[in-house]
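Pasting work.pdb here (PDB, C-alpha atoms):
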MODEL        1
ATOM      1  CA  MET V   7      86.863  96.183 122.446
ATOM      2  CA  ARG V   8      83.947  93.846 122.000
ATOM      3  CA  ASP V   9      83.953  90.835 124.276
ATOM      4  CA  LYS V  10      83.703  88.231 121.541
ATOM      5  CA  LEU V  11      85.140  88.840 118.106
ATOM      6  CA  THR V  12      83.829  86.844 115.177
ATOM      7  CA  LYS V  13      86.233  85.320 112.672
ATOM      8  CA  PRO V  14      85.365  87.978 110.073
ATOM      9  CA  ASP V  15      86.110  90.635 112.729
ATOM     10  CA  LYS V  16      89.497  89.039 113.358
ATOM     11  CA  ILE V  17      90.266  88.924 109.639
ATOM     12  CA  LEU V  18      89.305  92.582 109.363
ATOM     13  CA  MET V  19      91.623  93.416 112.260
ATOM     14  CA  ALA V  20      94.413  91.603 110.432
ATOM     15  CA  ALA V  21      93.692  93.667 107.295
ATOM     16  CA  TYR V  22      93.814  96.795 109.441
ATOM     17  CA  ARG V  23      97.228  95.796 110.824
ATOM     18  CA  LEU V  24      98.500  95.273 107.281
ATOM     19  CA  LEU V  25      97.943  99.005 106.686
ATOM     20  CA  ASN V  26     101.204  99.603 108.552
ATOM     21  CA  LYS V  27     103.122  98.037 105.679
ATOM     22  CA  LYS V  28     100.947  98.227 102.571
ATOM     23  CA  LYS V  29      97.687  99.659 101.282
ATOM     24  CA  VAL V  30      96.992  96.755  98.912
ATOM     25  CA  PHE V  31      97.561  93.228 100.178
ATOM     26  CA  SER V  32      97.180  89.722  98.829
ATOM     27  CA  ALA V  33      94.933  86.984 100.174
ATOM     28  CA  GLU V  34      98.132  85.275 101.305
ATOM     29  CA  ASP V  35      99.254  88.373 103.228
ATOM     30  CA  LEU V  36      95.880  88.402 104.956
ATOM     31  CA  THR V  37      96.146  84.693 105.757
ATOM     32  CA  VAL V  38      99.568  85.073 107.346
ATOM     33  CA  LYS V  39      98.623  88.186 109.353
ATOM     34  CA  SER V  40      95.362  86.606 110.571
ATOM     35  CA  PHE V  41      97.290  83.532 111.680
ATOM     36  CA  GLU V  42      99.967  85.666 113.407
ATOM     37  CA  LEU V  43      97.340  87.587 115.378
ATOM     38  CA  PHE V  44      94.921  84.733 116.092
ATOM     39  CA  PRO V  45      96.751  81.401 115.673
ATOM     40  CA  ALA V  46      94.157  79.359 117.566
ATOM     41  CA  ASP V  47      91.400  80.542 115.234
ATOM     42  CA  PHE V  48      93.187  80.232 111.909
ATOM     43  CA  ALA V  49      95.318  77.099 112.281
ATOM     44  CA  LEU V  50      94.824  74.073 110.070
ATOM     45  CA  ASN V  51      92.962  71.324 111.949
ATOM     46  CA  GLY V  52      95.491  69.010 113.556
ATOM     47  CA  TYR V  53      98.399  71.293 112.606
ATOM     48  CA  PRO V  54      98.518  74.186 115.082
ATOM     49  CA  ASN V  55     101.581  75.777 113.456
ATOM     50  CA  ILE V  56     100.166  75.980 109.920
ATOM     51  CA  PRO V  57      97.616  78.599 108.823
ATOM     52  CA  ASN V  58      94.339  77.536 107.239
ATOM     53  CA  SER V  59      93.990  79.773 104.195
ATOM     54  CA  ASN V  60      90.526  78.400 103.349
ATOM     55  CA  GLN V  61      89.012  80.270 106.298
ATOM     56  CA  ILE V  62      90.427  83.544 105.015
ATOM     57  CA  TYR V  63      89.520  82.884 101.395
ATOM     58  CA  THR V  64      85.921  82.161 102.394
ATOM     59  CA  ALA V  65      85.631  85.565 104.062
ATOM     60  CA  VAL V  66      87.011  87.502 101.090
ATOM     61  CA  MET V  67      86.518  85.279  98.041
ATOM     62  CA  GLY V  68      83.727  82.827  98.849
ATOM     63  CA  ALA V  69      80.094  82.967  97.773
ATOM     64  CA  GLU V  70      79.208  84.791 100.956
ATOM     65  CA  ALA V  71      82.381  86.962 101.194
ATOM     66  CA  ALA V  72      81.003  88.705 104.282
ATOM     67  CA  LEU V  73      83.726  91.340 104.512
ATOM     68  CA  ILE V  74      83.287  92.385 100.882
ATOM     69  CA  LYS V  75      79.482  92.362 101.070
ATOM     70  CA  LYS V  76      79.608  94.646 104.108
ATOM     71  CA  GLY V  77      81.962  96.959 102.239
ATOM     72  CA  PHE V  78      84.807  96.564 104.744
ATOM     73  CA  ILE V  79      87.278  95.105 102.246
ATOM     74  CA  LYS V  80      87.473  95.910  98.534
ATOM     75  CA  LYS V  81      88.814  93.644  95.832
ATOM     76  CA  VAL V  82      91.272  95.550  93.643
ATOM     77  CA  GLY V  83      92.653  92.705  91.509
ATOM     78  CA  PRO V  84      93.029  88.937  91.372
ATOM     79  CA  LYS V  85      93.543  87.932  95.031
ATOM     80  CA  GLN V  86      94.429  91.578  95.797
ATOM     81  CA  TYR V  87      92.489  93.552  98.395
ATOM     82  CA  LYS V  88      92.471  96.715 100.436
ATOM     83  CA  ILE V  89      90.600  97.722 103.542
ATOM     84  CA  SER V  90      87.968 100.378 102.851
ATOM     85  CA  ASP V  91      87.402 103.541 104.844
ATOM     86  CA  ALA V  92      84.287 101.888 106.272
ATOM     87  CA  GLY V  93      86.390  98.897 107.341
ATOM     88  CA  THR V  94      89.008 101.110 108.960
ATOM     89  CA  SER V  95      86.332 103.094 110.776
ATOM     90  CA  TYR V  96      84.595  99.928 111.969
ATOM     91  CA  VAL V  97      87.839  98.531 113.392
ATOM     92  CA  GLU V  98      88.758 101.777 115.122
ATOM     93  CA  THR V  99      85.318 102.419 116.612
ATOM     94  CA  SER V 100      83.990  98.935 117.297
ATOM     95  CA  LEU V 101      86.824  96.446 117.548
ATOM     96  CA  ILE V 102      89.677  98.148 119.357
ATOM     97  CA  ASP V 103      89.928 100.874 121.957
ATOM     98  CA  ALA V 104      90.896 104.200 120.452
ATOM     99  CA  ASP V 105      93.743 104.449 122.961
ATOM    100  CA  LYS V 106      95.226 101.179 121.740
ATOM    101  CA  ILE V 107      95.288 101.922 118.005
ATOM    102  CA  GLN V 108      98.792 101.182 116.818
ATOM    103  CA  LYS V 109      99.456 102.379 113.314
ATOM    104  CA  ASP V 110     103.090 103.310 113.874
ATOM    105  CA  LYS V 111     102.111 106.911 114.436
ATOM    106  CA  VAL V 112     104.219 109.114 116.619
ATOM    107  CA  LYS V 113     102.123 110.658 119.357
ATOM    108  CA  LYS V 114     103.091 113.882 121.003
ATOM    109  CA  ASN V 115     101.692 114.662 124.400
ATOM    110  CA  THR V 116     100.858 118.324 124.582
ATOM    111  CA  ASN V 117     101.722 120.022 127.823
ATOM    112  CA  ARG V 118      99.452 122.527 129.552
ATOM    113  CA  GLU V 119     101.477 125.560 128.454
ATOM    114  CA  ASP V 120     101.263 124.596 124.761
ATOM    115  CA  LEU V 121      97.532 123.920 125.084
ATOM    116  CA  THR V 122      97.021 127.369 126.586
ATOM    117  CA  LYS V 123      98.940 128.954 123.711
ATOM    118  CA  MET V 124      96.912 127.041 121.127
ATOM    119  CA  ARG V 125      93.616 127.983 122.769
ATOM    120  CA  SER V 126      94.534 131.657 122.874
ATOM    121  CA  PHE V 127      95.592 131.476 119.218
ATOM    122  CA  PHE V 128      92.296 129.927 118.116
ATOM    123  CA  ASP V 129      90.265 132.241 120.362
ATOM    124  CA  ASN V 130      92.033 135.259 118.893
ATOM    125  CA  LYS V 131      89.693 137.599 117.013
ATOM    126  CA  ILE V 132      92.027 137.800 114.004
ATOM    127  CA  THR V 133      92.342 134.003 113.731
ATOM    128  CA  ARG V 134      88.568 133.528 113.697
ATOM    129  CA  GLU V 135      88.033 135.952 110.804
TER
ENDMDL
END
Spell out the structure here as structure tokens.
Amino acid sequence: MRDKLTKPDKILMAAYRLLNKKKVFSAEDLTVKSFELFPADFALNGYPNIPNSNQIYTAVMGAEAALIKKGFIKKVGPKQYKISDAGTSYVETSLIDADKIQKDKVKKNTNREDLTKMRSFFDNKITRE
């Protein structure tokens, strides 16, 4: 993981985490998830327990809309967004360690015996033809 994440990076990570529940999310969903993951960064000034939606809206709806301009988030409707393949790839390769990706996937550790069987299967002359 990079040492210092920018606010747009954090918002993109929140969008990535929303993939566990939905492919298309609202600006409000993104605000809540960003605040859940990074409350110190996305709290309303003077109100640490309330999210500041303006920071999120600026990143996805403002004149600059950095995440949309970079192609990491796509607008699919009024205040409706989805993370793009480029955004997903950027998060997985640049923002979080591959070993720590948590997308509610079940991982199966393959033992040595199964690996040997798979290798012999794929090395088999008939399989390669």
* So how many Å separate atom CA of V:Asp120 and atom CA of V:Thr99, to one decimal? ->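 If I compute the distance from atom CA of V:Asp120 to atom CA of V:Thr99, I get 28.5 Å.
Minimum atom-to-atom distance to V:Lys76, evaluated using only C-alpha atoms, belongs to V:Gly93 out of V:Gly93, V:Gly52, V:Pro57, V:Pro45.
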* For the file shown, report as a PyMOL selection string the outcome of the PyMOL selection byres ((chain V and resi 46-50) around 12) at residue level. => chain V and resi 11-17+20+36-45+51-63
* Got a sec: who's within 12 Å of V:Pro84, counting all atoms listed in the file, leaving out chain neighbours fewer than 6 positions off, as a list in words? ->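 So, after excluding close chain neighbours, the residues are Val30, Phe31, Ser32, Ala33, Glu34, Val66 and Met67 of chain V.
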* Asked: If we count only C-alpha atoms, what is near V:Ile79 at a cut-off of 10 Å, once residues fewer than 5 positions away on the same chain are taken out, given as a PyMOL selection string?
  -> chain V and resi 18+21-22+65-66+71-74+87-94
* Separation of atom CA of V:Glu70 from atom CA of V:Lys27 in Å -> 27.7 Å
* In Å, rounded to a single decimal, give me how far atom CA of V:Lys29 is from atom CA of V:Ser100. =>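 Calculated distance between atom CA of V:Ser100 and atom CA of V:Lys29 is 21.1 Å.
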* Looking at all atoms listed in the file, which of V:Glu119, V:Gln86, V:Asn130, V:Ser95 is the one that sits closest to V:Lys28? -> V:Gln86
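Distance annotation: of V:Leu24, V:Gly83, V:Ile132, V:Phe78, the residue with the minimal separation from V:Val97 is V:Phe78; atom set is all atoms listed in the file.
The closest residue to V:Arg23, picked from V:Glu98, V:Val82, V:Thr64, V:Arg118 and counting all atoms listed in the file, is V:Glu98.
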